[in-house]
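Raw contents of protein35.txt, compact mmCIF, C-alpha atoms:
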# COMPACT_ATOMS: atom_id res chain seq x y z
CA ILE I 1 -19.79 -7.21 -0.68
CA LYS I 2 -19.78 -6.41 -4.38
CA ALA I 3 -16.45 -8.22 -4.88
CA LEU I 4 -17.69 -11.26 -2.93
CA ASN I 5 -20.83 -11.41 -5.06
CA GLU I 6 -18.77 -11.20 -8.26
CA MET I 7 -16.50 -14.03 -7.09
CA ASP I 8 -19.56 -16.04 -6.08
CA GLU I 9 -20.87 -15.81 -9.65
CA ASP I 10 -17.51 -16.61 -11.31
CA PRO I 11 -17.43 -20.32 -12.29
CA LYS I 12 -13.60 -20.29 -12.28
CA ILE I 13 -13.53 -19.56 -8.53
CA GLY I 14 -14.15 -22.44 -6.15
CA ALA I 15 -13.53 -20.72 -2.81
CA ILE I 16 -12.82 -17.22 -1.53
CA VAL I 17 -10.10 -16.14 0.90
CA VAL I 18 -10.66 -12.94 2.86
CA THR I 19 -7.64 -11.44 4.62
CA GLY I 20 -6.26 -8.15 5.84
CA SER I 21 -2.80 -6.94 6.74
CA GLU I 22 -0.25 -8.35 9.16
CA LYS I 23 -1.41 -5.75 11.71
CA ALA I 24 -5.16 -6.26 11.40
CA PHE I 25 -7.64 -8.53 9.65
CA ALA I 26 -10.37 -5.87 9.61
CA ALA I 27 -10.83 -2.74 11.66
CA GLY I 28 -14.58 -3.16 12.12
CA ALA I 29 -16.99 -0.26 12.39
CA ASP I 30 -15.89 3.36 12.41
CA ILE I 31 -16.52 4.35 16.02
CA LYS I 32 -16.36 8.08 15.20
CA GLU I 33 -19.09 7.58 12.59
CA MET I 34 -21.23 5.71 15.09
CA GLN I 35 -20.73 7.79 18.24
CA ASN I 36 -23.51 10.29 17.54
CA ARG I 37 -26.03 7.80 16.15
CA ASP I 38 -29.03 6.78 18.22
CA PHE I 39 -30.84 3.46 18.39
CA ALA I 40 -33.95 4.70 16.55
CA SER I 41 -31.92 5.89 13.54
CA ASN I 42 -29.83 2.72 13.45
CA TYR I 43 -32.94 0.57 13.58
CA LYS I 44 -34.88 2.58 11.00
CA GLU I 45 -31.97 2.72 8.55
CA ASN I 46 -30.86 -0.88 9.16
CA PHE I 47 -27.41 0.62 9.71
CA LEU I 48 -25.31 -2.58 9.84
CA GLU I 49 -27.60 -4.96 7.95
CA TRP I 50 -25.41 -5.12 4.83
CA TRP I 51 -22.67 -6.91 6.81
CA SER I 52 -24.75 -10.08 7.02
CA ASN I 53 -24.76 -10.29 3.20
CA ILE I 54 -21.41 -12.05 3.58
CA THR I 55 -23.32 -15.09 4.84
CA LEU I 56 -25.36 -15.22 1.63
CA VAL I 57 -22.34 -16.07 -0.55
CA ARG I 58 -22.71 -19.70 -1.64
CA LYS I 59 -19.02 -20.48 -2.13
CA PRO I 60 -16.89 -21.29 0.91
CA ILE I 61 -15.26 -18.21 2.42
CA ILE I 62 -12.02 -18.64 4.35
CA ALA I 63 -10.91 -15.94 6.76
CA ALA I 64 -7.09 -15.79 6.95
CA VAL I 65 -6.54 -13.72 10.09
CA ASN I 66 -3.24 -12.10 10.97
CA GLY I 67 -3.05 -9.45 13.67
CA TYR I 68 -6.21 -8.01 15.19
CA ALA I 69 -9.76 -9.17 14.49
CA LEU I 70 -11.62 -7.06 17.02
CA GLY I 71 -15.21 -5.88 17.10
CA GLY I 72 -16.60 -5.82 13.57
CA GLY I 73 -13.42 -7.48 12.32
CA CYS I 74 -14.07 -10.47 14.57
CA GLU I 75 -17.70 -10.48 13.43
CA VAL I 76 -16.64 -10.56 9.77
CA ALA I 77 -14.27 -13.46 10.47
CA MET I 78 -17.10 -15.35 12.19
CA MET I 79 -19.34 -14.80 9.14
CA CYS I 80 -16.83 -16.80 7.09
CA ASP I 81 -17.05 -20.58 6.80
CA ILE I 82 -13.52 -21.36 8.02
CA ILE I 83 -11.11 -19.26 10.07
CA TYR I 84 -7.35 -19.83 9.85
CA ALA I 85 -5.20 -17.71 12.15
CA GLY I 86 -1.60 -16.63 12.14
CA GLU I 87 0.13 -17.19 15.48
CA LYS I 88 -0.09 -13.47 16.37
CA ALA I 89 -3.82 -13.12 15.62
CA LYS I 90 -6.05 -11.67 18.34
CA PHE I 91 -9.83 -12.06 18.47
CA GLY I 92 -12.23 -10.07 20.59
CA GLN I 93 -15.38 -8.04 21.08
CA PRO I 94 -14.12 -4.91 22.90
CA GLU I 95 -17.30 -2.87 22.40
CA ILE I 96 -18.17 -3.09 26.11
CA THR I 97 -15.10 -0.97 26.88
CA ILE I 98 -16.75 1.99 25.13
CA GLY I 99 -20.23 1.34 26.51
CA THR I 100 -21.84 -0.45 23.60
CA ILE I 101 -22.37 -4.01 22.31
CA PRO I 102 -21.38 -5.82 19.10
CA GLY I 103 -23.72 -4.66 16.35
CA ALA I 104 -23.44 -7.23 13.57
CA GLY I 105 -24.41 -10.43 15.35
CA GLY I 106 -21.17 -10.89 17.28
CA THR I 107 -22.81 -11.92 20.53
CA GLN I 108 -24.86 -14.64 18.83
CA ARG I 109 -22.12 -15.93 16.51
CA LEU I 110 -19.52 -16.02 19.26
CA THR I 111 -21.86 -17.95 21.56
CA ARG I 112 -22.57 -20.52 18.82
CA ALA I 113 -18.84 -20.85 18.08
CA ILE I 114 -17.33 -21.12 21.57
CA GLY I 115 -20.20 -21.60 24.02
CA LYS I 116 -22.08 -19.34 26.41
CA SER I 117 -19.61 -18.98 29.27
CA ARG I 118 -16.58 -18.12 27.15
CA SER I 119 -18.65 -15.84 24.93
CA MET I 120 -20.06 -14.01 27.94
CA GLU I 121 -16.55 -13.57 29.34
CA MET I 122 -15.26 -12.10 26.07
CA ASN I 123 -18.30 -9.88 25.50
CA LEU I 124 -18.58 -8.63 29.09
CA THR I 125 -14.88 -7.98 29.70
CA GLY I 126 -13.79 -6.91 26.22
CA THR I 127 -10.59 -8.91 26.72
CA PRO I 128 -9.24 -10.38 23.46
CA ILE I 129 -7.86 -13.90 23.09
CA GLY I 130 -4.84 -15.07 21.13
CA ALA I 131 -4.79 -17.49 18.22
CA ALA I 132 -3.90 -20.58 20.27
CA GLU I 133 -6.68 -19.91 22.76
CA ALA I 134 -9.13 -19.22 19.90
CA ALA I 135 -8.20 -22.59 18.40
CA SER I 136 -8.64 -24.38 21.72
CA TYR I 137 -12.10 -22.78 22.02
CA GLY I 138 -13.06 -23.88 18.48
CA LEU I 139 -13.27 -20.36 17.09
CA VAL I 140 -10.50 -21.00 14.54
CA SER I 141 -9.74 -24.20 12.63
CA LYS I 142 -5.95 -23.98 12.65
CA VAL I 143 -3.12 -21.74 13.74
CA SER I 144 -0.30 -21.33 11.26
CA LEU I 145 3.27 -20.37 12.06
CA LEU I 146 3.53 -19.00 8.53
CA LYS I 147 2.16 -15.67 7.37
CA LEU I 148 -1.29 -16.25 5.92
CA TRP I 149 -1.13 -13.59 3.23
Do you think you could lay out the structure here as structure tokens?
Amino acid sequence: IKALNEMDEDPKIGAIVVTGSEKAFAAGADIKEMQNRDFASNYKENFLEWWSNITLVRKPIIAAVNGYALGGGCEVAMMCDIIYAGEKAKFGQPEITIGTIPGAGGTQRLTRAIGKSRSMEMNLTGTPIGAAEAASYGLVSKVSLLKLW
């Protein structure tokens, strides 16, 4: 967040590109860190609130997604203004498979991006979708055959 804020204040920067590696865009939350936390502590400490600060950046943020964008990684991509995907990108909210739900607004953002039925299917099955399907749903703007990083 600090780097995004610095780029937001830099008059020489007109837009920001956020990317990861060829294997994964972003890993999301550390499940081992979260496994022993309870709802009351998460709520009191506003555990994941800082993630939404991405949406406060005034300059356009482009997510260049290669590989996996699952869970929190998918949520971060959806916080960006535009999502471009490499042909091997995968998007999903697999939290249901470990008995929890997306914690950084993923259920709401996904529903706004692709509609209720498709969002419910992804959130309730945990099954990821590929780049082409994500583009057909409207989740990503374009799929590139070239590496995006």
Nearest to Ser144 (chain I), chosen from I:Ala132, I:Val57, I:Ile62, I:Ala113, with all atoms listed in the file counted in the distances: I:Ala132
May I ask which of the residues I:Thr55, I:Pro60, I:Ala3, I:Ile96 is the closest one to Ala15 (chain I), counting all atoms listed in the file?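 Checking each of I:Thr55, I:Pro60, I:Ala3, I:Ile96 against Ala15 (chain I), counting all atoms listed in the file, the winner is I:Pro60.
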In terms of only C-alpha atoms, the residue from I:Val76, I:Leu139, I:Ile82, I:Ala131 at minimal distance from Ile114 (chain I) is I:Leu139
Can you work out the spacing between CA of Cys80 (chain I) and CA of Ala26 (chain I) in Å, to one decimal?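 Those two atoms sit 12.9 Å apart.
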Among listed residues I:Lys90, I:Lys116, I:Lys59, I:Arg109, nearest Glu133 (chain I) (using all atoms listed in the file): I:Lys90
Gap from CA of Thr97 (chain I) to CA of Ala40 (chain I) - Å, one decimal: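 Straight-line distance from CA of Thr97 (chain I) to CA of Ala40 (chain I) works out to 22.2 Å.
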Which residue gives the smallest distance to Met78 (chain I) among I:Ile54, I:Val17, I:Met7, I:Met120, with all atoms listed in the file counted? I:Ile54
Go ahead and compute the interatomic distance for CA of Asp8 (chain I) and CA of Cys74 (chain I), in Å to one decimal.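 CA of Asp8 (chain I) sits 22.1 Å away from CA of Cys74 (chain I).
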Identify which of the residues I:Ile98, I:Ala85, I:Ile1, I:Leu124 lies closest to Tyr68 (chain I), counting all atoms listed in the file when measuring atom-to-atom distances.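 Of all the options, I:Ala85 lies closest to Tyr68 (chain I).
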